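K.L.:
Next comes the structure file target-v1.cif, holding mmCIF, C-alpha atoms and all ligand atoms.
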```cif
data_query
#
loop_
_atom_site.label_atom_id
_atom_site.label_comp_id
_atom_site.auth_asym_id
_atom_site.auth_seq_id
_atom_site.Cartn_x
_atom_site.Cartn_y
_atom_site.Cartn_z
CA MET K 217 -3.59 -18.32 13.49
CA THR K 218 -5.10 -16.23 10.70
CA GLY K 219 -6.78 -17.81 7.67
CA ALA K 220 -7.56 -21.11 9.39
CA SER K 221 -10.75 -22.06 7.53
CA ALA K 222 -8.81 -23.76 4.71
CA GLY K 223 -5.47 -24.88 3.37
CA ILE K 224 -2.22 -24.23 5.21
CA GLY K 225 -3.94 -22.38 8.07
CA GLU K 226 -6.43 -25.16 8.76
CA ALA K 227 -3.71 -27.84 8.59
CA THR K 228 -1.44 -25.81 10.86
CA ALA K 229 -4.18 -25.27 13.45
CA ARG K 230 -4.78 -29.04 13.57
CA VAL K 231 -1.06 -29.84 13.81
CA LEU K 232 -0.42 -27.26 16.56
CA ALA K 233 -3.47 -28.43 18.52
CA GLY K 234 -2.36 -32.04 18.04
CA ALA K 235 0.97 -31.08 19.60
CA GLY K 236 -0.88 -29.91 22.71
CA MET K 237 -0.99 -26.17 22.01
CA ARG K 238 -4.08 -24.02 22.58
CA VAL K 239 -5.03 -22.43 19.27
CA ALA K 240 -7.06 -19.35 18.43
CA VAL K 241 -8.17 -19.42 14.80
CA CYS K 242 -9.77 -16.81 12.58
CA ALA K 243 -11.15 -16.44 9.05
CA ARG K 244 -14.30 -15.08 7.42
CA ARG K 245 -16.11 -18.42 6.91
CA ARG K 246 -17.45 -19.09 10.38
CA ASP K 247 -19.05 -22.44 9.46
CA ARG K 248 -15.71 -23.89 8.42
CA LEU K 249 -14.01 -22.54 11.53
CA ASP K 250 -16.72 -24.14 13.67
CA ARG K 251 -16.10 -27.48 11.95
CA LEU K 252 -12.38 -27.15 12.56
CA ALA K 253 -12.93 -26.16 16.19
CA ALA K 254 -15.31 -29.11 16.75
CA GLY K 255 -12.68 -31.51 15.35
CA ILE K 256 -9.94 -30.09 17.56
CA SER K 257 -12.18 -30.18 20.67
CA ALA K 258 -13.28 -33.76 19.92
CA ALA K 259 -9.60 -34.75 19.80
CA GLY K 260 -9.09 -33.21 23.26
CA GLY K 261 -7.58 -29.91 22.12
CA GLU K 262 -8.41 -26.38 23.25
CA VAL K 263 -9.50 -23.90 20.60
CA ALA K 264 -11.11 -20.48 20.22
CA ALA K 265 -12.65 -19.47 16.87
CA TYR K 266 -13.21 -15.93 15.58
CA GLY K 267 -15.19 -15.25 12.42
CA LEU K 268 -13.66 -12.05 11.11
CA ASP K 269 -12.03 -10.32 8.19
CA VAL K 270 -8.36 -9.68 8.96
CA THR K 271 -8.46 -6.42 7.00
CA ASP K 272 -10.78 -5.11 9.75
CA ALA K 273 -8.14 -3.75 12.14
CA GLY K 274 -10.63 -3.22 15.02
CA ALA K 275 -11.83 -6.82 14.83
CA VAL K 276 -8.24 -8.14 14.82
CA ARG K 277 -7.29 -6.05 17.86
CA ALA K 278 -10.44 -7.19 19.70
CA MET K 279 -9.57 -10.84 18.93
CA VAL K 280 -6.04 -10.44 20.28
CA ASP K 281 -7.34 -8.83 23.48
CA ASP K 282 -9.93 -11.59 23.86
CA VAL K 283 -7.32 -14.35 23.45
CA VAL K 284 -5.13 -12.76 26.12
CA SER K 285 -8.04 -12.31 28.53
CA ARG K 286 -9.11 -15.92 27.90
CA TRP K 287 -5.74 -17.65 28.26
CA GLY K 288 -3.61 -15.02 30.00
CA ARG K 289 -0.97 -14.96 27.27
CA LEU K 290 -0.32 -15.13 23.56
CA ASP K 291 2.86 -16.93 22.57
CA VAL K 292 2.73 -17.26 18.80
CA LEU K 293 1.07 -15.29 16.00
CA VAL K 294 0.90 -17.04 12.63
CA ASN K 295 0.03 -14.53 9.90
CA ASN K 296 -1.20 -16.88 7.22
CA ALA K 297 -4.36 -15.41 5.66
CA GLY K 298 -3.63 -14.41 2.10
CA ARG K 299 -4.84 -14.44 -1.48
CA GLY K 300 -3.21 -14.56 -4.89
CA LEU K 301 -3.74 -13.06 -8.31
CA SER K 302 -2.62 -14.49 -11.60
CA ALA K 303 -2.41 -11.65 -14.11
CA THR K 304 0.27 -9.78 -16.00
CA VAL K 305 1.49 -6.56 -14.41
CA GLU K 306 0.03 -4.64 -17.39
CA ASP K 307 -3.38 -6.19 -16.82
CA THR K 308 -3.45 -5.80 -13.00
CA LYS K 309 -6.06 -3.27 -11.92
CA PRO K 310 -4.93 -0.77 -9.27
CA ASP K 311 -7.88 -1.72 -7.05
CA GLU K 312 -6.93 -5.40 -7.26
CA PHE K 313 -3.39 -4.58 -6.23
CA ARG K 314 -4.63 -2.40 -3.34
CA ALA K 315 -6.91 -5.19 -2.11
CA LEU K 316 -3.99 -7.65 -2.17
CA LEU K 317 -1.82 -5.20 -0.24
CA GLU K 318 -4.58 -4.75 2.36
CA LEU K 319 -4.83 -8.50 2.98
CA ASN K 320 -1.30 -9.81 2.39
CA VAL K 321 0.60 -6.90 3.95
CA MET K 322 -1.51 -4.43 5.94
CA ALA K 323 -3.41 -7.15 7.83
CA VAL K 324 -0.08 -8.68 8.87
CA PHE K 325 1.12 -5.26 10.02
CA THR K 326 -2.09 -4.73 12.04
CA ALA K 327 -1.98 -8.15 13.74
CA THR K 328 1.72 -7.72 14.51
CA GLN K 329 1.15 -4.34 16.14
CA ALA K 330 -1.76 -5.82 18.10
CA VAL K 331 0.27 -8.68 19.63
CA LEU K 332 3.56 -6.89 20.26
CA PRO K 333 2.57 -5.07 23.48
CA TRP K 334 1.45 -8.40 25.02
CA MET K 335 4.54 -10.25 23.86
CA ARG K 336 6.78 -7.48 25.21
CA ARG K 337 5.01 -7.71 28.56
CA GLN K 338 5.53 -11.51 28.58
CA GLY K 339 9.17 -11.06 27.60
CA ARG K 340 8.72 -13.66 24.88
CA GLY K 341 6.78 -14.40 21.73
CA HIS K 342 7.03 -15.52 18.16
CA ILE K 343 5.62 -14.00 14.99
CA ILE K 344 5.52 -16.33 11.99
CA ASN K 345 4.68 -14.77 8.63
CA VAL K 346 3.66 -17.05 5.78
CA SER K 347 5.22 -15.60 2.64
CA SER K 348 5.82 -17.56 -0.58
CA ILE K 349 8.80 -18.51 -2.67
CA VAL K 350 7.55 -15.80 -5.05
CA GLY K 351 8.37 -13.37 -2.24
CA ARG K 352 12.01 -14.30 -2.86
CA ARG K 353 11.96 -14.19 -6.61
CA GLY K 354 9.21 -12.55 -8.69
CA VAL K 355 7.61 -14.90 -11.17
CA PRO K 356 5.69 -14.05 -14.35
CA TYR K 357 1.93 -13.44 -14.04
CA ARG K 358 2.28 -12.97 -10.29
CA GLY K 359 3.83 -9.50 -10.17
CA ALA K 360 1.34 -7.89 -7.76
CA TYR K 361 1.14 -10.99 -5.53
CA SER K 362 4.95 -11.33 -5.51
CA ALA K 363 5.24 -7.66 -4.56
CA THR K 364 3.02 -8.19 -1.49
CA LYS K 365 5.14 -11.14 -0.38
CA PHE K 366 8.38 -9.16 -0.92
CA ALA K 367 6.85 -6.44 1.27
CA LEU K 368 6.23 -9.05 3.97
CA GLY K 369 9.90 -10.03 3.77
CA GLY K 370 11.07 -6.45 4.29
CA LEU K 371 8.71 -5.90 7.19
CA SER K 372 9.69 -9.17 8.89
CA GLU K 373 13.45 -8.80 8.43
CA ALA K 374 13.40 -5.28 9.86
CA LEU K 375 11.21 -6.32 12.79
CA ARG K 376 13.42 -9.31 13.60
CA VAL K 377 16.41 -7.05 14.14
CA GLU K 378 14.36 -4.39 15.95
CA LEU K 379 13.20 -7.06 18.41
CA ALA K 380 16.62 -8.65 18.99
CA GLY K 381 17.14 -9.19 22.72
CA THR K 382 13.43 -8.88 23.61
CA GLY K 383 12.72 -12.63 23.55
CA ILE K 384 10.41 -12.18 20.56
CA SER K 385 11.33 -14.07 17.38
CA VAL K 386 10.21 -13.36 13.83
CA SER K 387 10.14 -16.09 11.19
CA LEU K 388 9.34 -16.13 7.49
CA VAL K 389 7.92 -19.23 5.82
CA TYR K 390 8.45 -19.59 2.07
CA PRO K 391 6.17 -22.33 0.70
CA ILE K 392 6.24 -23.37 -2.95
CA GLY K 393 3.00 -24.31 -4.75
CA THR K 394 0.77 -26.01 -2.19
CA ALA K 395 -2.34 -28.12 -2.80
CA THR K 396 -5.06 -25.88 -1.30
CA GLU K 397 -8.03 -23.79 -2.50
CA PHE K 398 -5.64 -20.93 -3.13
CA HIS K 399 -5.31 -21.53 -6.87
CA GLU K 400 -9.09 -21.93 -7.27
CA THR K 401 -10.10 -18.82 -5.35
CA GLU K 402 -7.59 -16.43 -6.91
CA ALA K 403 -8.55 -14.53 -10.07
CA ARG K 404 -6.59 -16.05 -12.96
CA ARG K 405 -6.37 -14.13 -16.19
CA ALA K 406 -2.90 -15.23 -17.25
CA GLY K 407 -0.35 -17.91 -16.51
CA PRO K 408 -0.52 -21.64 -16.05
CA GLY K 409 -1.18 -21.88 -12.28
CA PRO K 410 1.44 -23.19 -9.89
CA LEU K 411 4.82 -23.97 -11.44
CA GLY K 412 7.07 -26.86 -10.44
CA PRO K 413 6.50 -29.38 -7.65
CA ILE K 414 3.46 -29.18 -5.38
CA GLN K 415 3.58 -29.87 -1.66
CA SER K 416 0.77 -30.63 0.79
CA ALA K 417 -0.66 -28.19 3.31
CA GLU K 418 0.08 -30.77 6.03
CA HIS K 419 3.76 -30.74 5.12
CA VAL K 420 3.90 -26.94 5.42
CA ALA K 421 1.99 -27.22 8.72
CA ARG K 422 4.58 -29.64 10.12
CA CYS K 423 7.36 -27.24 9.08
CA ILE K 424 5.53 -24.45 10.93
CA LEU K 425 5.25 -26.66 14.03
CA ARG K 426 9.02 -27.25 13.95
CA CYS K 427 9.52 -23.50 13.63
CA VAL K 428 7.26 -22.87 16.64
CA ARG K 429 9.32 -25.33 18.68
CA ARG K 430 12.62 -24.00 17.43
CA PRO K 431 12.31 -20.48 16.01
CA ARG K 432 14.35 -19.85 12.89
CA PRO K 433 14.52 -16.73 10.74
CA GLU K 434 13.52 -18.49 7.51
CA ILE K 435 11.80 -21.76 6.63
CA TYR K 436 11.76 -23.27 3.15
CA PRO K 437 9.30 -26.20 3.29
CA PHE K 438 10.66 -27.36 -0.08
CA ARG K 439 14.38 -27.10 0.61
CA PRO K 440 15.67 -26.87 -2.99
CA SER K 441 13.53 -23.75 -3.54
CA TRP K 442 16.15 -21.94 -1.47
CA LEU K 443 18.39 -22.19 -4.57
CA LEU K 444 15.96 -19.97 -6.48
CA ALA K 445 16.40 -17.31 -3.81
CA ILE K 446 20.18 -17.57 -4.10
CA ALA K 447 20.15 -17.63 -7.92
CA SER K 448 18.00 -14.51 -8.09
CA VAL K 449 20.64 -12.63 -6.06
CA ILE K 450 23.84 -13.88 -7.64
CA ALA K 451 22.64 -14.60 -11.18
CA PRO K 452 19.32 -12.85 -11.92
CA ARG K 453 19.60 -13.47 -15.69
CA LEU K 454 20.01 -17.18 -15.06
CA ALA K 455 16.94 -17.11 -12.80
CA ASP K 456 15.00 -15.32 -15.60
CA LEU K 457 16.09 -17.99 -18.05
CA GLY K 458 15.12 -20.81 -15.69
CA LEU K 459 11.65 -19.32 -15.21
CA ARG K 460 11.17 -18.88 -18.98
CA ARG K 461 12.13 -22.52 -19.51
CA LEU K 462 9.76 -23.64 -16.76
CA LEU K 463 6.90 -21.68 -18.39
CA HIS K 464 7.40 -23.14 -21.83
N1 LIG F 501 -1.20 -22.51 -1.95
C1 LIG F 501 -0.05 -22.10 -2.42
O1 LIG F 501 0.39 -22.54 -3.50
C2 LIG F 501 0.79 -21.12 -1.62
C3 LIG F 501 2.15 -21.03 -1.95
C4 LIG F 501 2.95 -20.14 -1.24
C5 LIG F 501 2.40 -19.36 -0.24
N2 LIG F 501 1.06 -19.46 0.05
C6 LIG F 501 0.55 -18.59 1.11
O2 LIG F 501 0.04 -19.40 2.15
C7 LIG F 501 -1.00 -18.71 2.84
C8 LIG F 501 -2.20 -19.63 2.95
O3 LIG F 501 -2.62 -19.97 1.64
P1 LIG F 501 -3.43 -21.31 1.32
O4 LIG F 501 -2.76 -21.94 0.18
O5 LIG F 501 -3.70 -22.07 2.53
O6 LIG F 501 -4.77 -20.63 0.76
P2 LIG F 501 -6.32 -21.00 0.96
O7 LIG F 501 -6.53 -22.47 1.03
O8 LIG F 501 -7.03 -20.22 -0.10
O9 LIG F 501 -6.66 -20.38 2.40
C9 LIG F 501 -6.61 -19.01 2.61
C10 LIG F 501 -7.11 -18.71 4.00
O10 LIG F 501 -7.05 -17.29 4.20
C11 LIG F 501 -8.31 -16.87 4.68
N3 LIG F 501 -8.60 -15.50 4.28
C12 LIG F 501 -8.60 -14.97 3.04
N4 LIG F 501 -8.96 -13.69 3.07
C13 LIG F 501 -9.22 -13.39 4.38
C14 LIG F 501 -9.66 -12.25 5.06
N5 LIG F 501 -9.90 -11.10 4.41
N6 LIG F 501 -9.84 -12.32 6.41
C15 LIG F 501 -9.59 -13.48 7.08
N7 LIG F 501 -9.16 -14.59 6.49
C16 LIG F 501 -9.00 -14.55 5.15
C17 LIG F 501 -9.31 -17.84 4.07
O11 LIG F 501 -10.48 -17.91 4.86
P3 LIG F 501 -11.89 -17.22 4.53
O12 LIG F 501 -12.06 -17.24 3.04
O13 LIG F 501 -12.85 -18.09 5.26
O14 LIG F 501 -11.81 -15.85 5.10
C18 LIG F 501 -8.54 -19.16 4.20
O15 LIG F 501 -8.72 -19.68 5.49
C19 LIG F 501 -1.28 -17.44 2.03
O16 LIG F 501 -0.65 -16.35 2.67
C20 LIG F 501 -0.62 -17.72 0.69
O17 LIG F 501 -0.19 -16.53 0.07
C21 LIG F 501 0.26 -20.34 -0.61
#
```
Written as C-alpha cells, that's how I'd like the structure from this file.

P.N.:
Amino acid sequence: MTGASAGIGEATARVLAGAGMRVAVCARRRDRLDRLAAGISAAGGEVAAYGLDVTDAGAVRAMVDDVVSRWGRLDVLVNNAGRGLSATVEDTKPDEFRALLELNVMAVFTATQAVLPWMRRQGRGHIINVSSIVGRRGVPYRGAYSATKFALGGLSEALRVELAGTGISVSLVYPIGTATEFHETEARRAGPGPLGPIQSAEHVARCILRCVRRPRPEIYPFRPSWLLAIASVIAPRLADLGLRRLLH
C-alpha cells in the first residue's frame, strides 16, 4: 500500500488489516507510519512499514523484495501515493508537471514492474491503481493533475488486457473529492478546491476492500460520478457546460 501515512492510504491500510490481511505500508513520513503500524498491531493485525519516497525506484524494488522474503508472497499492490496541483494550464510550470508525472505515473509504473515477476510466479495477484474522477474527465485548474490520472488509466487498461489469463487483475479506483490532507498539501494558485460532494477516506477504503475481495476493472466510490465519465464521451460540450455551471 503506497502513501499510507495519511488519507485514503491510511484508511485503506486500517480497513484491510481489520479484515485480517497482512499489510505492508509505505510513505515518506516514518513517524506517521509507525503510529499507523502500532495501531494495527495493537488491534491484532500484522503490518510492515517502510519509510521511503516512491519516486526512488531502488527503494521501491527493495521494499517489494523484502515483503516477499518476509511473507513469502505479495497478493495485492495498491498504488495510492499521489499529489495534486491546482493551477491553470498556462500557469503550470514544466518542473511542477514533471514532478507530478514522477509521483502519480512513474512511481506506479515502477511499483507495478517490481511486483509483476512475483505475481506471475504465484499465478495470481491484483494491482489496484487509485486514480481520480478527474482522470475520466479533465476539470478546470487541474489540467496537469488530470493528465497524470488519465495516464494512469491508459497504463492500467493496457496492462489489464496484457495480463488476461495470468490470474493477475488490474483495477482502477476513481474517487471524487475526498476529505483528506490532499487539498491542503497541494499547491493552489487557481480554482476553488474540490467541486461537488465530498466523501470520506474510510468510504473509499471500504470500496477498495470490496475490490480486493472481488476484483473489478473500475470502481467509482461515488456511483453517480460515473455519469460524468459517460457524458464526457458522448456529449463533451454538455460536460463542459456542466463544469462551467458548477464553477460559477
Ligand atoms: N483527496 C481527494 O480529493 C482525492 C480525489 C481523487 C483521487 N485522489 C487520489 O487518492 C490518492 C490518495 O490521496 P489522499 O487524498 O489520501 O491524499 P493525502 O491525504 O495527501 O495522502 C497522500 C499520501 O501519499 C503519500 N505520498 C506523497 N508523496 C509521496 C512520495 N513521494 N513517496 C511516498 N509517499 C508519498 C503521502 O505520504 P508522505 O507525505 O508521508 O510521503 C500520503 O500518505 C492520490 O493518488 C490522489 O490523487 C484523492

K.L.:
Which one of K:Pro431, K:Pro356, K:Gly370, K:Pro391 sits closest to Pro408 of chain K if you count only C-alpha atoms?

P.N.:
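Nearest candidate to Pro408 of chain K out of K:Pro431, K:Pro356, K:Gly370, K:Pro391: K:Pro356.
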
K.L.:
Please tell me which residues are no farther than 12 Å from (-4.9, -3.8, -7.9) in the file, counting only C-alpha atoms, and write them as a list in words.

P.N.:
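These residues have at least one counted atom within 12 Å: Gly300, Leu301, Ser302, Ala303, Thr304, Val305, Glu306, Asp307, Thr308, Lys309, Pro310, Asp311, Glu312, Phe313, Arg314, Ala315, Leu316, Leu317, Glu318, Leu319, Arg358, Gly359, Ala360, Tyr361, Ala363, Thr364 and Ala403 of chain K.
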
K.L.:
Go through K:Gly261, K:Gly351, K:Gly234, K:Gly225 and flag the residue nearest ligand LIG 501 (chain F), using only C-alpha atoms and all ligand atoms for the distances.

P.N.:
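Counting only C-alpha atoms and all ligand atoms, the residue closest to ligand LIG 501 (chain F) is K:Gly225.
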
K.L.:
How close does segment 282-309 of chain K get to segment 236-243 of chain K? List, as JSON lines, each residue of segment 282-309 of chain K within 9 Å, its nearest atom pair and the distance in Å to one decimal, counting all atoms listed in the file.

P.N.:
```
{"residue": "K:Val283", "atom": "CA", "partner": "K:Ala240", "partner_atom": "CA", "distance": 7.1}
{"residue": "K:Trp287", "atom": "CA", "partner": "K:Arg238", "partner_atom": "CA", "distance": 8.7}
{"residue": "K:Ala297", "atom": "CA", "partner": "K:Ala243", "partner_atom": "CA", "distance": 7.7}
```

K.L.:
Which residues come within 12 Å of segment 432-437 of chain K, counting only C-alpha atoms, excluding same-chain residues fewer than 6 positions away, as a PyMOL selection string?

P.N.:
chain K and resi 224+342-352+369+372-377+380+384-394+413-426+443-445

K.L.:
Separation of atom CA of Gly383 of chain K and atom CA of Thr328 of chain K, in Å?

P.N.:
15.1 Å
